[in-house]
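Q: One file is attached below, query_11.txt, containing compact mmCIF, C-alpha atoms.
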# COMPACT_ATOMS: atom_id res chain seq x y z
CA MET A 190 -12.32 25.30 36.22
CA PRO A 191 -14.95 23.27 34.34
CA ARG A 192 -14.37 19.58 34.54
CA HIS A 193 -14.18 17.44 31.44
CA PRO A 194 -16.55 14.49 31.53
CA LYS A 195 -14.81 11.44 32.90
CA VAL A 196 -14.67 8.64 30.38
CA ALA A 197 -15.60 5.24 31.74
CA GLU A 198 -13.51 2.27 30.67
CA GLN A 199 -15.05 0.99 27.45
CA ILE A 200 -14.64 -2.45 25.97
CA LEU A 201 -14.48 -2.10 22.20
CA PRO A 202 -15.62 -4.82 19.80
CA GLN A 203 -12.96 -7.09 18.35
CA GLN A 204 -13.72 -6.12 14.75
CA THR A 205 -12.43 -2.84 13.31
CA LEU A 206 -13.24 -1.51 9.85
CA VAL A 207 -10.84 1.03 8.33
CA ILE A 208 -12.22 3.18 5.50
CA ASP A 209 -10.13 5.57 3.44
CA ASN A 210 -13.05 7.38 1.81
CA GLY A 211 -11.36 8.88 -1.25
CA SER A 212 -12.85 11.03 -3.99
CA TYR A 213 -12.22 8.42 -6.69
CA ALA A 214 -12.32 5.18 -4.72
CA ILE A 215 -12.95 3.75 -1.28
CA LYS A 216 -10.14 1.71 0.22
CA ALA A 217 -11.57 -0.39 3.02
CA GLY A 218 -10.92 -3.56 4.97
CA PHE A 219 -11.13 -5.25 8.35
CA VAL A 220 -8.06 -5.27 10.59
CA SER A 221 -6.82 -8.46 12.15
CA GLY A 222 -3.30 -9.11 13.42
CA ASP A 223 -0.48 -7.54 11.44
CA PRO A 224 -2.21 -5.56 8.65
CA LYS A 225 -1.49 -6.59 5.07
CA LEU A 226 -2.35 -4.78 1.88
CA ASP A 227 -4.31 -7.77 0.58
CA GLN A 228 -6.82 -7.15 3.39
CA CYS A 229 -7.76 -3.87 1.68
CA ARG A 230 -10.50 -3.77 -0.95
CA TRP A 231 -10.71 -1.11 -3.64
CA VAL A 232 -14.27 0.08 -4.38
CA PRO A 233 -15.19 2.86 -6.87
CA ASN A 234 -16.72 5.76 -4.95
CA CYS A 235 -19.36 6.60 -7.51
CA ILE A 236 -22.73 5.65 -8.93
CA ALA A 237 -22.59 5.08 -12.70
CA ARG A 238 -25.67 5.39 -14.88
CA ASP A 239 -25.67 5.79 -18.66
CA ARG A 240 -21.95 6.67 -18.69
CA VAL A 241 -22.60 9.44 -16.16
CA PHE A 242 -20.65 9.15 -12.90
CA ARG A 243 -22.25 10.60 -9.79
CA ARG A 244 -19.67 11.13 -7.08
CA PRO A 245 -20.56 11.94 -3.46
CA VAL A 246 -17.15 13.50 -2.82
CA GLU A 247 -16.44 16.84 -4.50
CA LYS A 248 -13.13 18.69 -4.22
CA GLY A 249 -12.11 16.13 -1.63
CA TYR A 250 -15.08 16.76 0.68
CA LEU A 251 -17.99 14.40 1.30
CA VAL A 252 -20.98 16.56 0.36
CA ASN A 253 -23.64 14.07 -0.74
CA TRP A 254 -24.51 11.50 1.91
CA GLU A 255 -27.50 10.26 -0.08
CA ALA A 256 -25.20 8.92 -2.78
CA GLU A 257 -22.52 7.87 -0.30
CA LYS A 258 -25.03 5.91 1.75
CA ALA A 259 -26.09 3.97 -1.33
CA ILE A 260 -22.44 3.06 -1.99
CA TRP A 261 -21.72 2.18 1.64
CA ASP A 262 -24.87 0.08 1.93
CA ASN A 263 -23.89 -1.86 -1.16
CA THR A 264 -20.35 -2.35 0.16
CA PHE A 265 -20.82 -2.89 3.90
CA ILE A 266 -24.46 -3.53 4.80
CA ASP A 267 -26.55 -5.25 2.12
CA GLN A 268 -26.83 -8.98 1.71
CA GLY A 269 -23.90 -10.14 -0.39
CA ALA A 270 -21.85 -7.01 0.34
CA ARG A 271 -18.12 -7.41 -0.27
CA LEU A 272 -17.26 -6.23 3.26
CA LYS A 273 -20.48 -7.03 5.09
CA CYS A 274 -20.50 -6.13 8.78
CA ASP A 275 -22.83 -5.41 11.67
CA PRO A 276 -22.10 -1.77 12.66
CA HIS A 277 -23.31 -2.44 16.22
CA ASP A 278 -20.33 -4.79 16.70
CA THR A 279 -17.76 -2.88 14.65
CA ASN A 280 -15.29 -0.07 15.35
CA LEU A 281 -14.84 2.39 12.49
CA VAL A 282 -11.71 4.34 11.53
CA LEU A 283 -12.60 6.89 8.83
CA THR A 284 -10.54 9.43 6.88
CA GLU A 285 -11.34 12.96 5.80
CA ALA A 286 -9.52 15.60 3.77
CA PRO A 287 -7.48 18.30 5.52
CA ASN A 288 -9.45 21.45 6.36
CA THR A 289 -12.85 19.82 5.95
CA PRO A 290 -15.60 22.36 6.89
CA ALA A 291 -17.08 21.83 10.35
CA ALA A 292 -20.61 21.46 8.99
CA LEU A 293 -19.55 18.52 6.83
CA GLN A 294 -17.71 16.95 9.76
CA ASN A 295 -20.85 17.17 11.91
CA ASN A 296 -22.93 15.61 9.13
CA CYS A 297 -20.46 12.75 8.95
CA ASP A 298 -20.49 12.14 12.71
CA GLN A 299 -24.28 12.11 12.74
CA MET A 300 -24.46 9.61 9.88
CA ILE A 301 -21.98 7.27 11.57
CA PHE A 302 -23.76 7.16 14.91
CA GLU A 303 -27.38 8.06 14.15
CA GLU A 304 -27.84 6.31 10.82
CA TYR A 305 -25.40 3.39 11.01
CA ASP A 306 -24.98 3.01 14.79
CA PHE A 307 -21.33 1.96 14.74
CA ALA A 308 -20.10 0.81 18.15
CA SER A 309 -17.21 3.28 18.14
CA TYR A 310 -15.69 5.65 15.65
CA SER A 311 -12.74 7.95 15.02
CA ARG A 312 -12.30 10.48 12.24
CA HIS A 313 -8.77 11.23 11.00
CA ILE A 314 -7.19 13.57 8.48
CA GLY A 315 -6.14 11.10 5.80
CA PRO A 316 -2.43 12.00 5.41
CA SER A 317 -1.90 11.78 9.19
CA LEU A 318 -2.44 8.01 9.16
CA ASN A 319 0.74 7.57 7.12
CA ALA A 320 2.72 8.41 10.25
CA TYR A 321 2.03 4.88 11.55
CA HIS A 322 4.03 3.20 8.79
CA ASP A 323 7.47 1.74 9.31
CA LEU A 324 8.89 4.61 7.28
CA GLN A 325 12.54 4.24 8.23
CA SER A 326 12.65 0.84 6.54
CA LEU A 327 11.66 2.58 3.29
CA PHE A 328 14.71 4.82 3.72
CA GLY A 329 16.99 1.80 4.11
CA ALA A 330 16.88 1.06 7.86
CA PRO A 331 16.15 -2.49 9.09
CA PRO A 332 12.39 -3.19 9.17
CA ARG A 333 10.59 -3.43 12.48
CA ASN A 334 9.49 -6.81 13.74
CA SER A 335 6.17 -8.10 12.45
CA GLY A 336 3.37 -7.28 14.86
CA SER A 337 5.43 -4.80 16.89
CA GLN A 338 3.74 -1.54 17.84
CA ILE A 339 5.68 1.70 17.60
CA PRO A 340 4.60 5.32 18.03
CA PRO A 341 4.00 7.51 14.99
CA VAL A 342 6.98 9.09 13.26
CA GLU A 343 8.19 12.20 15.08
CA CYS A 344 8.46 14.45 12.01
CA LEU A 345 6.92 13.66 8.64
CA LEU A 346 5.95 15.68 5.58
CA VAL A 347 3.22 13.92 3.59
CA ILE A 348 2.57 14.85 -0.04
CA ASP A 349 -0.75 13.37 -1.13
CA SER A 350 -1.65 13.85 -4.80
CA GLY A 351 -5.02 12.27 -5.46
CA TYR A 352 -8.11 12.58 -7.61
CA SER A 353 -9.48 15.96 -6.46
CA HIS A 354 -6.45 17.86 -5.22
CA THR A 355 -2.91 17.68 -3.91
CA THR A 356 -2.02 18.45 -0.30
CA VAL A 357 1.19 18.98 1.65
CA THR A 358 0.67 18.02 5.31
CA PRO A 359 3.42 18.30 7.96
CA LEU A 360 2.99 15.99 10.95
CA PHE A 361 4.56 16.12 14.40
CA HIS A 362 4.18 12.90 16.40
CA GLY A 363 1.29 11.99 14.10
CA ARG A 364 -0.58 15.25 14.68
CA VAL A 365 -1.23 17.68 11.84
CA ILE A 366 0.45 21.10 12.06
CA GLN A 367 -2.72 22.77 10.89
CA GLN A 368 -1.39 26.21 9.98
CA ALA A 369 1.21 24.65 7.69
CA VAL A 370 -1.14 22.53 5.55
CA ARG A 371 -1.11 23.61 1.90
CA ARG A 372 -3.45 22.56 -0.91
CA LEU A 373 -2.94 22.62 -4.67
CA GLU A 374 -6.22 22.60 -6.59
CA ILE A 375 -4.96 20.09 -9.15
CA GLY A 376 -5.45 16.34 -9.02
CA GLY A 377 -6.16 13.42 -11.28
CA LYS A 378 -9.60 14.74 -12.26
CA PHE A 379 -8.19 18.04 -13.47
CA MET A 380 -5.51 16.30 -15.53
CA THR A 381 -8.04 13.90 -17.05
CA ASN A 382 -10.25 16.81 -18.11
CA LEU A 383 -7.24 18.65 -19.55
CA LEU A 384 -6.22 15.62 -21.60
CA LYS A 385 -9.81 15.20 -22.73
CA GLU A 386 -9.80 18.75 -24.09
CA LEU A 387 -6.50 18.27 -25.91
CA VAL A 388 -7.56 14.96 -27.46
CA SER A 389 -10.95 16.37 -28.49
CA ILE A 390 -9.22 19.23 -30.32
CA ARG A 391 -6.46 17.20 -31.97
CA HIS A 392 -7.98 13.76 -32.52
CA TYR A 393 -11.51 12.59 -31.66
CA ASN A 394 -14.35 14.21 -29.75
CA MET A 395 -13.96 12.62 -26.30
CA SER A 396 -16.12 15.03 -24.31
CA ASP A 397 -18.32 12.15 -23.07
CA GLU A 398 -15.51 9.61 -22.61
CA THR A 399 -14.10 10.58 -19.22
CA TYR A 400 -13.48 6.99 -18.12
CA LEU A 401 -11.62 6.14 -21.33
CA ILE A 402 -9.49 9.27 -21.21
CA ASN A 403 -8.60 8.52 -17.60
CA GLU A 404 -7.30 5.12 -18.73
CA VAL A 405 -5.34 6.80 -21.53
CA LYS A 406 -3.83 9.26 -19.06
CA GLU A 407 -2.70 6.50 -16.71
CA ALA A 408 -1.16 4.55 -19.59
CA ILE A 409 0.77 7.26 -21.42
CA SER A 410 1.66 10.07 -19.00
CA TYR A 411 5.13 10.86 -17.72
CA VAL A 412 6.75 13.82 -15.98
CA SER A 413 9.48 15.37 -18.10
CA LYS A 414 12.96 15.95 -16.68
CA ASN A 415 13.42 18.82 -19.16
CA PHE A 416 10.05 20.19 -20.17
CA ARG A 417 11.19 22.79 -22.69
CA GLN A 418 13.50 20.35 -24.43
CA ASP A 419 10.85 17.67 -24.77
CA LEU A 420 8.33 20.24 -25.96
CA GLU A 421 10.70 21.33 -28.69
CA LYS A 422 11.30 17.74 -29.77
CA THR A 423 7.59 17.14 -30.27
CA ARG A 424 6.84 20.49 -31.91
CA LYS A 425 4.93 20.06 -35.14
CA GLY A 426 7.12 20.76 -38.15
CA PHE A 427 10.38 20.62 -36.19
CA LYS A 428 12.99 20.02 -38.93
CA ARG A 429 15.96 18.91 -36.83
CA ARG A 430 14.14 16.02 -35.16
CA ASN A 431 16.31 12.95 -34.57
CA PRO A 432 14.97 9.41 -34.95
CA ASP A 433 15.33 9.00 -31.18
CA ASP A 434 12.90 11.87 -30.68
CA GLU A 435 10.13 9.66 -32.08
CA GLU A 436 10.27 7.70 -28.83
CA LEU A 437 8.37 10.56 -27.23
CA ARG A 438 5.47 9.82 -29.56
CA ILE A 439 3.33 6.76 -29.02
CA ASP A 440 0.14 5.35 -30.45
CA TYR A 441 -2.80 4.53 -28.23
CA VAL A 442 -5.11 2.02 -29.88
CA LEU A 443 -8.67 2.72 -28.77
CA PRO A 444 -10.78 -0.09 -27.32
CA ASP A 445 -13.29 -1.87 -29.54
CA TYR A 446 -16.33 -2.45 -27.36
CA ASN A 447 -18.00 -4.59 -30.05
CA ALA A 448 -15.05 -6.97 -30.17
CA HIS A 449 -14.50 -6.69 -26.39
CA THR A 450 -10.90 -5.54 -26.80
CA GLN A 451 -9.26 -3.05 -24.47
CA GLY A 452 -7.14 -0.08 -25.42
CA PHE A 453 -3.36 -0.41 -25.38
CA VAL A 454 -0.17 1.50 -26.06
CA ARG A 455 2.29 0.67 -28.81
CA ALA A 456 5.38 2.29 -30.28
CA HIS A 457 4.75 5.03 -32.80
CA ASP A 458 5.36 4.17 -36.45
CA PRO A 459 5.70 7.33 -38.60
CA SER A 460 5.00 5.53 -41.84
CA LEU A 461 1.92 3.88 -40.39
CA SER A 462 0.79 7.24 -39.08
CA ALA A 463 1.08 8.76 -42.55
CA LYS A 464 -1.02 5.97 -44.02
CA MET A 465 -3.62 6.46 -41.32
CA ARG A 466 -3.96 10.14 -42.15
CA LYS A 467 -4.86 9.18 -45.70
CA MET A 468 -7.18 6.25 -44.98
CA GLY A 469 -8.64 7.26 -41.62
CA SER A 470 -8.41 3.68 -40.36
CA LEU A 471 -6.22 0.64 -40.69
CA ALA A 472 -7.33 -2.91 -41.27
CA THR A 473 -4.98 -5.43 -39.70
CA ALA A 474 -4.12 -8.75 -41.25
CA GLY A 475 -7.12 -10.27 -39.53
CA GLY A 476 -9.46 -7.73 -41.06
CA VAL A 477 -10.04 -5.84 -37.78
CA VAL A 478 -10.24 -2.07 -38.07
CA GLU A 479 -8.15 -0.19 -35.51
CA ASP A 480 -8.64 3.41 -34.48
CA PHE A 481 -5.73 4.99 -32.68
CA MET A 482 -4.38 8.33 -31.58
CA THR A 483 -0.77 9.45 -31.91
CA LEU A 484 0.16 11.24 -28.72
CA GLY A 485 3.23 13.42 -28.35
CA ASN A 486 3.49 16.42 -26.06
CA GLU A 487 0.15 15.51 -24.43
CA ARG A 488 2.06 12.84 -22.56
CA PHE A 489 4.07 15.31 -20.47
CA THR A 490 2.24 18.64 -20.75
CA VAL A 491 -0.71 17.26 -18.77
CA PRO A 492 1.21 16.19 -15.61
CA GLU A 493 3.39 19.30 -15.95
CA VAL A 494 0.51 21.33 -14.45
CA LEU A 495 1.39 19.84 -11.05
CA PHE A 496 4.71 21.68 -11.25
CA ASN A 497 3.59 24.77 -13.19
CA PRO A 498 -0.15 25.38 -12.56
CA ARG A 499 0.13 28.92 -13.91
CA ASP A 500 0.46 27.39 -17.39
CA VAL A 501 -3.28 26.67 -17.25
CA GLY A 502 -4.31 29.85 -15.45
CA ILE A 503 -4.26 28.59 -11.85
CA GLN A 504 -2.56 31.24 -9.74
CA GLN A 505 -0.76 28.93 -7.35
CA GLY A 506 2.81 27.81 -7.01
CA GLY A 507 3.84 24.39 -8.22
CA LEU A 508 4.12 21.42 -5.90
CA PRO A 509 7.82 21.92 -4.98
CA GLU A 510 7.07 25.56 -4.16
CA MET A 511 4.05 24.42 -2.14
CA VAL A 512 6.35 22.25 -0.02
CA LEU A 513 8.48 25.27 0.91
CA GLN A 514 5.35 27.31 1.63
CA SER A 515 4.23 24.56 3.99
CA LEU A 516 7.58 24.57 5.78
CA SER A 517 7.22 28.32 6.34
CA GLY A 518 4.40 27.46 8.78
CA VAL A 519 6.63 25.06 10.74
CA PRO A 520 9.24 26.09 13.35
CA THR A 521 12.59 26.36 11.58
CA GLY A 522 14.09 23.88 14.01
CA LEU A 523 11.91 21.17 12.48
CA TRP A 524 12.87 21.89 8.87
CA PRO A 525 15.79 19.43 8.68
CA ALA A 526 13.68 16.58 10.09
CA MET A 527 10.75 17.39 7.80
CA LEU A 528 12.89 17.59 4.64
CA ALA A 529 14.63 14.33 5.57
CA ASN A 530 11.28 12.52 5.92
CA ILE A 531 9.10 13.33 2.90
CA PHE A 532 6.53 10.63 2.17
CA VAL A 533 4.64 10.65 -1.13
CA VAL A 534 1.25 8.97 -1.56
CA GLY A 535 -1.72 9.21 -3.92
CA GLY A 536 -2.41 7.87 -7.40
CA ASN A 537 -0.63 10.70 -9.25
CA SER A 538 2.66 9.73 -7.62
CA LYS A 539 2.64 6.62 -9.83
CA ILE A 540 3.19 8.76 -12.93
CA THR A 541 6.60 7.92 -14.38
CA GLY A 542 9.20 10.50 -13.38
CA PHE A 543 6.98 12.24 -10.80
CA VAL A 544 9.03 11.37 -7.70
CA GLU A 545 12.39 12.05 -9.35
CA ARG A 546 11.34 15.48 -10.64
CA LEU A 547 9.75 16.40 -7.31
CA GLU A 548 12.85 15.45 -5.34
CA THR A 549 15.13 17.35 -7.71
CA GLU A 550 13.13 20.57 -7.51
CA ILE A 551 12.69 20.41 -3.73
CA ARG A 552 16.46 20.04 -3.40
CA GLN A 553 16.93 23.15 -5.53
CA LEU A 554 14.61 25.20 -3.30
CA ALA A 555 15.52 23.80 0.13
CA PRO A 556 18.27 25.30 2.32
CA SER A 557 21.64 23.87 1.32
CA GLU A 558 22.39 22.65 4.86
CA CYS A 559 19.29 20.41 4.89
CA VAL A 560 19.32 16.84 3.61
CA VAL A 561 16.34 16.09 1.37
CA ARG A 562 15.07 12.49 1.46
CA LEU A 563 11.91 11.60 -0.39
CA VAL A 564 10.28 8.21 -0.76
CA ARG A 565 7.06 6.97 -2.32
CA ALA A 566 4.88 4.44 -0.53
CA SER A 567 5.15 0.86 -1.76
CA ASP A 568 1.45 1.13 -2.66
CA PRO A 569 0.65 4.86 -2.82
CA ILE A 570 -3.07 4.26 -3.35
CA LYS A 571 -3.62 1.99 -0.34
CA SER A 572 -0.94 3.53 1.88
CA THR A 573 -3.32 5.69 3.93
CA TRP A 574 -5.58 2.70 4.56
CA GLN A 575 -2.62 0.62 5.72
CA GLY A 576 -1.50 3.38 8.07
CA GLY A 577 -4.99 3.41 9.57
CA ALA A 578 -4.82 -0.37 9.88
CA PHE A 579 -1.54 -0.13 11.81
CA LEU A 580 -3.24 2.33 14.17
CA ALA A 581 -6.30 0.08 14.56
CA SER A 582 -4.16 -2.99 15.28
CA ASP A 583 -2.85 -1.31 18.46
CA THR A 584 -5.89 -1.69 20.72
CA THR A 585 -4.49 0.61 23.41
CA ARG A 586 -3.93 3.48 21.00
CA LEU A 587 -7.23 2.79 19.28
CA LYS A 588 -9.14 3.23 22.56
CA ASN A 589 -7.50 6.62 23.03
CA VAL A 590 -8.81 7.98 19.72
CA GLN A 591 -12.20 6.27 19.41
CA ILE A 592 -15.45 7.62 20.84
CA THR A 593 -18.24 5.16 21.55
CA ARG A 594 -21.86 5.38 20.56
CA GLN A 595 -22.74 5.78 24.23
CA GLU A 596 -20.35 8.73 24.63
CA TYR A 597 -21.75 10.39 21.52
CA GLN A 598 -25.32 10.02 22.74
CA GLU A 599 -24.37 11.38 26.15
CA HIS A 600 -22.21 14.36 25.14
CA GLY A 601 -23.39 15.22 21.62
CA ALA A 602 -21.90 16.20 18.27
CA ASN A 603 -20.03 19.31 19.44
CA TRP A 604 -18.18 17.28 22.05
CA ALA A 605 -17.24 14.69 19.44
CA ALA A 606 -15.94 17.42 17.12
CA ARG A 607 -13.72 18.79 19.91
CA VAL A 608 -12.34 15.32 20.64
CA PHE A 609 -11.47 14.65 17.00
CA ALA A 610 -9.89 18.10 16.65
CA GLY A 611 -7.65 17.35 19.64
CA ASN A 612 -9.10 20.23 21.65
CA LEU A 613 -10.47 18.06 24.44
CA THR A 614 -8.38 15.84 26.71
CA ARG A 615 -10.16 12.65 27.69
If you took the structure in this file and wrote it as structure tokens, what would it be?
A:
Amino acid sequence: MPRHPKVAEQILPQQTLVIDNGSYAIKAGFVSGDPKLDQCRWVPNCIARDRVFRRPVEKGYLVNWEAEKAIWDNTFIDQGARLKCDPHDTNLVLTEAPNTPAALQNNCDQMIFEEYDFASYSRHIGPSLNAYHDLQSLFGAPPRNSGSQIPPVECLLVIDSGYSHTTVTPLFHGRVIQQAVRRLEIGGKFMTNLLKELVSIRHYNMSDETYLINEVKEAISYVSKNFRQDLEKTRKGFKRRNPDDEELRIDYVLPDYNAHTQGFVRAHDPSLSAKMRKMGSLATAGGVVEDFMTLGNERFTVPEVLFNPRDVGIQQGGLPEMVLQSLSGVPTGLWPAMLANIFVVGGNSKITGFVERLETEIRQLAPSECVVRLVRASDPIKSTWQGGAFLASDTTRLKNVQITRQEYQEHGANWAARVFAGNLTR
């Protein structure tokens, strides 16, 4: 029997940096004591030049380290960096997307140790870090004591709907059940591009205004409880429309960059809309010209693709169906515990009506004898970072998952990959 290399007792630095390296933004912060959300900083994960955004993460995977290094240097290394640190005296906890290709994982490990020289480092599948939250308090149980350390939740089903994609990840004692992970190729980026197409056809040409359309999407979107009914209410030329149906329509006033005013939403006024169609613009009492778009079914048809991706030609099941597909890869004895502990994170979960619709449809598909409990994180965008911070605050557990620079130099990249995959007992 070949012997595994014996790991000498390592003394880790006091400072730990947790980075949730998302496709849209980096959530990062140093861990000290009982982690708080205000310790986390939100940094755009892109390089913007001439209204063109260059993103190092594509489809959830870090593929461009040249661009990522420039962002990291500006955030963590350079003079005046928001989270300046000395990597030689810092532990790093870093996230990655589920099912990241091995070649990209090796590139990441090499950059961490050979380019940045962090003292120690661990790489985690992002959704798995949510297992370190005090989840039962979100379901109504008494909260744990501040500063207390508890093991990860025994059974947890994490739904993470972010910028590039949406994943369903079942966890058992904090470890990913790999064969049961499911991925839906729809995220915030896809919905922004879809809204951009609709607006460009119906209102203004917004093909170069991705950032603006993303703001519009976040301001006006909601998930419909009855999609067909709402679609009928907003149908052009619908004769039996009630006055209450006009609530589905809103006006989004576009920003005026010359006057330094931001865009905003206001209630739709049919008479004002008719006047606008004649004049093309409206001068307010102060003489300021406003351009706005009246948005109706765009508000709910865009997020509907998360539940019915076939509507836009993507041959995958919707998110509730994806949850049941994920459970099919889990032993049936764990189904009740998984369905009773569904945790929702990611920016798309903030869309109005998303959680309620998701819970309703999962209940319809789940076995009748199973109790379905679903809860959204208090801060779904920073939740993964906070879970990593809870892990990092437990120094004993942190030592068990970190590998040091010395170990990496001694045993190499393949050994590190086996440790992070859980295939090597240390």
Q: For a test of reading the model, state the distance in Å between CA of Leu513 (chain A) and CA of Asn486 (chain A), rounded to one decimal.
A: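 According to the coordinates, CA of Leu513 (chain A) and CA of Asn486 (chain A) are separated by 28.8 Å.
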Q: When you draw a straight line from CA of Ile314 (chain A) to CA of Val365 (chain A), how long is it in Å?
A: 8.0 Å
Q: One number please: CA of Pro316 (chain A) to CA of Gly577 (chain A), in Å, one decimal.
A: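 Rounded to one decimal, the two atoms are 9.9 Å apart.
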Q: Which of these residues is nearest to Val501 (chain A), using only C-alpha atoms: A:Leu580, A:Ile375, A:Val232, A:Val347?
A: A:Ile375
Q: Please check which residues have atoms at most 12 Å from (8.0, 26.2, 13.7) in the file's coordinates, counting all atoms listed in the file, and write them as a PyMOL selection string.
A: chain A and resi 344+359-361+366-369+515-527
Q: So which residues are close to (2.0, -2.0, 1.2), meaning at most 6 Å away in the file's coordinates with all atoms listed in the file counted, and can you show them as a PyMOL selection string?
A: chain A and resi 226+567-568
Q: Listed atoms of region 207-219 of chain A, axis-aligned box, 3 Å per side: centre and edge lengths to one decimal in Å, as AutoDock Vina command-line options?
A:
--center_x -11.6 --center_y 2.9 --center_z 0.8 --size_x 8.9 --size_y 22.3 --size_z 21.0
Q: With all atoms listed in the file as the basis for distance, which of A:Arg240, A:Arg565, A:Phe307, A:Ala610 is at the shortest distance from Asp397 (chain A)?
A: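 Among the listed residues, the smallest separation from Asp397 (chain A) belongs to A:Arg240.
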Q: Got a sec: who's within 7 Å of Trp254 (chain A), counting only C-alpha atoms, leaving out chain neighbours fewer than 3 positions off, as a tab-separated table (two decimals) with C-alpha atoms, in the coordinates of the input?
A:
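What ended up in part.tsv:
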chain	number	residue	atom	x	y	z
A	245	PRO	CA	-20.56	11.94	-3.46
A	257	GLU	CA	-22.52	7.87	-0.30
A	258	LYS	CA	-25.03	5.91	1.75
Q: Can you work out which one of A:Thr279, A:Asn603, A:Gln268, A:Gln553 has the shortest atom-to-atom distance to Gln203 (chain A), counting all atoms listed in the file?
A: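 The closest residue to Gln203 (chain A) is A:Thr279.
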Q: With only C-alpha atoms as the counted atoms, please give the residues lying no more than 7 Å from Phe532 (chain A), apart from itself and same-chain residues fewer than 6 positions off, as a PyMOL selection string.
A: chain A and resi 346-348+563-566
Q: Write the residues of the preceding selection, restricted to C-alpha atoms, as a compact mmCIF listing (two decimals), in the coordinates of the input.
A:
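Produced file again-v4.txt, reproduced below:
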# COMPACT_ATOMS: atom_id res chain seq x y z
CA LEU A 346 5.95 15.68 5.58
CA VAL A 347 3.22 13.92 3.59
CA ILE A 348 2.57 14.85 -0.04
CA LEU A 563 11.91 11.60 -0.39
CA VAL A 564 10.28 8.21 -0.76
CA ARG A 565 7.06 6.97 -2.32
CA ALA A 566 4.88 4.44 -0.53
Q: With distances taken over all atoms listed in the file, which residue among A:Leu251, A:Leu201, A:Ala256, A:Ile409 lies nearest Gln294 (chain A)?
A: A:Leu251
Q: Residues near region 410-424 of chain A, anyone? I mean within 9 Å using all atoms listed in the file, not counting same-chain ones fewer than 4 positions away, as a PyMOL selection string.
A: chain A and resi 405-406+429-431+434-435+437-438+485-493+540-546
Q: Determine the nearest neighbour of Ser317 (chain A) from the options A:Ile402, A:Val357, A:Ala259, A:Ile551, counting only C-alpha atoms.
A: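 Counting only C-alpha atoms, the residue closest to Ser317 (chain A) is A:Val357.
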Q: May I ask which of the residues A:Leu387, A:Leu206, A:Gly211, A:Leu373 is the closest one to Glu510 (chain A), counting all atoms listed in the file?
A: A:Leu373
Q: Give me the residues within 12 Å of region 598-600 of chain A as an mmCIF file with C-alpha atoms, in the frame of the given file, counting all atoms listed in the file and dropping any in the same chain fewer than 4 places off.
A:
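Contents of the output file part06.cif:
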data_model
loop_
_atom_site.group_PDB
_atom_site.id
_atom_site.type_symbol
_atom_site.label_atom_id
_atom_site.label_comp_id
_atom_site.auth_asym_id
_atom_site.auth_seq_id
_atom_site.Cartn_x
_atom_site.Cartn_y
_atom_site.Cartn_z
ATOM 1 C CA HIS A 193 -14.180 17.440 31.440
ATOM 2 C CA PRO A 194 -16.550 14.490 31.530
ATOM 3 C CA LYS A 195 -14.810 11.440 32.900
ATOM 4 C CA VAL A 196 -14.670 8.640 30.380
ATOM 5 C CA ASP A 298 -20.490 12.140 12.710
ATOM 6 C CA GLN A 299 -24.280 12.110 12.740
ATOM 7 C CA ILE A 301 -21.980 7.270 11.570
ATOM 8 C CA PHE A 302 -23.760 7.160 14.910
ATOM 9 C CA GLU A 303 -27.380 8.060 14.150
ATOM 10 C CA ASP A 306 -24.980 3.010 14.790
ATOM 11 C CA ALA A 308 -20.100 0.810 18.150
ATOM 12 C CA SER A 309 -17.210 3.280 18.140
ATOM 13 C CA ILE A 592 -15.450 7.620 20.840
ATOM 14 C CA THR A 593 -18.240 5.160 21.550
ATOM 15 C CA ARG A 594 -21.860 5.380 20.560
ATOM 16 C CA TRP A 604 -18.180 17.280 22.050
ATOM 17 C CA ALA A 605 -17.240 14.690 19.440
ATOM 18 C CA ALA A 606 -15.940 17.420 17.120
ATOM 19 C CA ARG A 607 -13.720 18.790 19.910
ATOM 20 C CA VAL A 608 -12.340 15.320 20.640
#
